[in-house]
Amino acid sequence: MNSKVQVLTVAGNDCDGSAGMPADLHAFFISGVYGMGILTAAVAGNSYEISDQVLMPTEFIDHQFAALKKDFKIAATKTGMLGTSAVIKCFHRNFAPESFGKLVVDPVIITKHGNFLLDNEAYDDFVKLIIPMADVITPNAFEAQTLSGVEIESRESMMTSAKRLQELGAKNVIVKGKHENPTQEKVEDLVLKADGSYQWLSMPYVSTERLNGTGDVFSAVITAEIAKGNDLFTAAEIAKNVVYDSISKPIIVGHRHGPINLWNAHSK
Ligand SMILES: Nc1ncnc2c1ncn2[C@@H]1O[C@H](COP(=O)(O)OP(=O)(O)O)[C@@H](O)[C@H]1O
Ligand SMILES: Cc1ncc(COP(=O)(O)OP(=O)(O)O)c(N)n1
């Protein structure tokens with residue numbers, strides 16, 4: 001039963017396959033782990049926009065947790081789109097490390113193209129219930145800023161923001177750097193561990209619109225690598241390389257903000 005490392009994503013489906021659960025499952029596959037998915041929501045999306053979203057009934061999410069708990073040995077779990085207070089409370093009552101392993105929280109609040117995937121009313125419950133459960137939290141610069149109240153403008157502010165997230169209860173924090181300036185040379189992420197040790201991850205800035213799924217893949221690879229027993233610094237370094245390889249040689253799928261090229265990472 002346990003010949004393959006097993007991991008779980010609790011996330012929404014993006015119907016164009018570029019982000020959310022499909023991206024997580026692709027990332028699990030290239031990481032060599034067996035991936036499962038508890039569906040929380042679904043969005044109608046393409047490479048231009050997200051035009052609609054719907055949430056799963058929480059009783060059905062309960063049933064998905066119960067089904068997996070009975071049968072599998074899950075070493076690590078990641079969260080993606082939780083969407084509402086009801087889903088957050090449902091996750092909170094179902095998740096236990098004994099059954100679902102280490103927890104990586106990707107705070108899906110607003111997509112990089114401006115769609116809100118977390119209700120305003122759900123925000124306080126996310127902070128109160130989900131952040132303290134996180135072994136690792138992986139906010140992008142905007143989410144780190146929103147959650148910590150610290151404006152991200154330098155390495156120093158990324159560190160202050162990460163420490164603030166630890167005060168909110170997350171054990172280990174990865175603040176992903178900004179990548180909005182077309183003249184920037186590199187994108188730097190900060191990995192701050194529970195014991196205060198830290199590392200900077202730095203890769204060249206890639207100028208492309210084909211970035212759908214970068215955040216999902218980054219946190220999914222970290223989840224897979226932790227499940228395999230890797231240390232967080234190693235896991236984050238592998239994830240950073242996978243994302244870089246996936247965006248530096250784009251595939252042309254869809255017209256605009258297309259999916260990233262995981263094949264290029266897989267072939268390395
Ligand atoms: N244009 C880019 N060039 C290089 N690295 C990038 C670029 N965009 C994102 N990344 C990297 O991709 C990973 C995911 O970050 P990000 O896209 O900010 O997450 P999210 O999808 O949550 O907004 C991080 O390691 C980040 O540094
Ligand atoms: C269902 C669903 N979940 C997550 C996303 C992705 O949102 P975003 O924060 O823009 O991150 P990445 O595309 O970089 O992973 C989505 N579109 N749909």
# chains A, B, ... in the order shown; residues from 1 in each chain; ligands from 1
>>> residues_near_ligand(ligand="ligand 2", cutoff="9 Å", atoms="only C-alpha atoms and all ligand atoms", output="PyMOL selection string")
chain A and resi 11-24+40-46+49-50+53+80-82+106-115+117+140+211-219+259
>>> residues_around(residues="Lys240 in chain A", least_positions_apart="6", cutoff="9 Å", atoms="only C-alpha atoms", output="PDB file with N, CA and C atoms, in the first residue's frame")
ATOM      1  N   ASP A 189      13.164  35.084  -3.520  1.00  0.00           N
ATOM      2  CA  ASP A 189      12.195  34.627  -2.511  1.00  0.00           C
ATOM      3  C   ASP A 189      12.956  34.394  -1.209  1.00  0.00           C
ATOM      4  N   LEU A 201      16.404  32.660  -2.185  1.00  0.00           N
ATOM      5  CA  LEU A 201      16.404  31.926  -3.451  1.00  0.00           C
ATOM      6  C   LEU A 201      16.380  32.978  -4.551  1.00  0.00           C
ATOM      7  N   SER A 202      17.331  32.903  -5.444  1.00  0.00           N
ATOM      8  CA  SER A 202      17.413  33.927  -6.475  1.00  0.00           C
ATOM      9  C   SER A 202      17.542  33.290  -7.861  1.00  0.00           C
ATOM     10  N   MET A 203      16.697  33.743  -8.776  1.00  0.00           N
ATOM     11  CA  MET A 203      16.775  33.261 -10.163  1.00  0.00           C
ATOM     12  C   MET A 203      16.542  34.457 -11.081  1.00  0.00           C
ATOM     13  N   PHE A 218       4.918  25.931  -7.464  1.00  0.00           N
ATOM     14  CA  PHE A 218       5.958  26.175  -6.451  1.00  0.00           C
ATOM     15  C   PHE A 218       5.581  25.497  -5.124  1.00  0.00           C
ATOM     16  N   VAL A 221       5.394  21.526  -5.437  1.00  0.00           N
ATOM     17  CA  VAL A 221       6.707  20.851  -5.444  1.00  0.00           C
ATOM     18  C   VAL A 221       7.283  20.845  -4.024  1.00  0.00           C
TER      19      VAL A 221
END
>>> closest_residue(among="A:Gly35, A:Pro250, A:Gly83, A:Gly169", to="ligand 1", atoms="only C-alpha atoms and all ligand atoms")
A:Pro250
>>> residues_around(residues="Lys228 in chain A", least_positions_apart="2", cutoff="12 Å", atoms="only C-alpha atoms", output="ChimeraX atom specification")
/A:3-7,28,31-34,74-76,101-102,221-226,230-232,234-235
>>> closest_residue(among="A:Lys171, A:Lys176, A:Lys89, A:Arg155", to="ligand 1", atoms="only C-alpha atoms and all ligand atoms")
A:Lys176
>>> closest_residue(among="A:Gly258, A:Gly149, A:Gly177, A:Gly37", to="ligand 1", atoms="only C-alpha atoms and all ligand atoms")
A:Gly177
>>> residues_around(residues="range 125-137 of chain A", least_positions_apart="5", cutoff="7 Å", atoms="only C-alpha atoms", output="list of chain:residue names")
A:Ser85, A:Ile88, A:His92, A:Lys102, A:Leu103, A:Val104, A:Val105, A:Asp106, A:Leu168, A:Gly169, A:Ala170, A:Lys171, A:Asn172, A:Val173, A:Ile174
>>> write_last_selection(atoms="C-alpha atoms", output="PDB file, in the first residue's frame")
ATOM      1  CA  SER A  85     -15.550  30.705   5.725  1.00  0.00           C
ATOM      2  CA  ILE A  88     -12.153  27.071   5.830  1.00  0.00           C
ATOM      3  CA  HIS A  92     -10.079  23.062   9.973  1.00  0.00           C
ATOM      4  CA  LYS A 102       2.694  18.141   7.048  1.00  0.00           C
ATOM      5  CA  LEU A 103       0.682  21.154   5.869  1.00  0.00           C
ATOM      6  CA  VAL A 104       1.791  23.636   3.209  1.00  0.00           C
ATOM      7  CA  VAL A 105      -0.591  26.605   2.922  1.00  0.00           C
ATOM      8  CA  ASP A 106      -0.665  28.570  -0.336  1.00  0.00           C
ATOM      9  CA  LEU A 168       0.412  34.833  13.385  1.00  0.00           C
ATOM     10  CA  GLY A 169       1.247  31.146  13.899  1.00  0.00           C
ATOM     11  CA  ALA A 170       2.887  29.792  10.729  1.00  0.00           C
ATOM     12  CA  LYS A 171       6.015  27.763  11.541  1.00  0.00           C
ATOM     13  CA  ASN A 172       8.032  28.266   8.360  1.00  0.00           C
ATOM     14  CA  VAL A 173       7.428  31.095   5.901  1.00  0.00           C
ATOM     15  CA  ILE A 174       8.393  31.587   2.260  1.00  0.00           C
TER      16      ILE A 174
END
>>> closest_residue(among="A:Ile260, A:Val10, A:Ala194, A:Ala141", to="ligand 1", atoms="only C-alpha atoms and all ligand atoms")
A:Ala141
>>> residues_around(residues="range 179-182 of chain A", least_positions_apart="2", cutoff="9 Å", atoms="only C-alpha atoms", output="number ranges by chain")
A: 141, 177, 184-188, 205-207
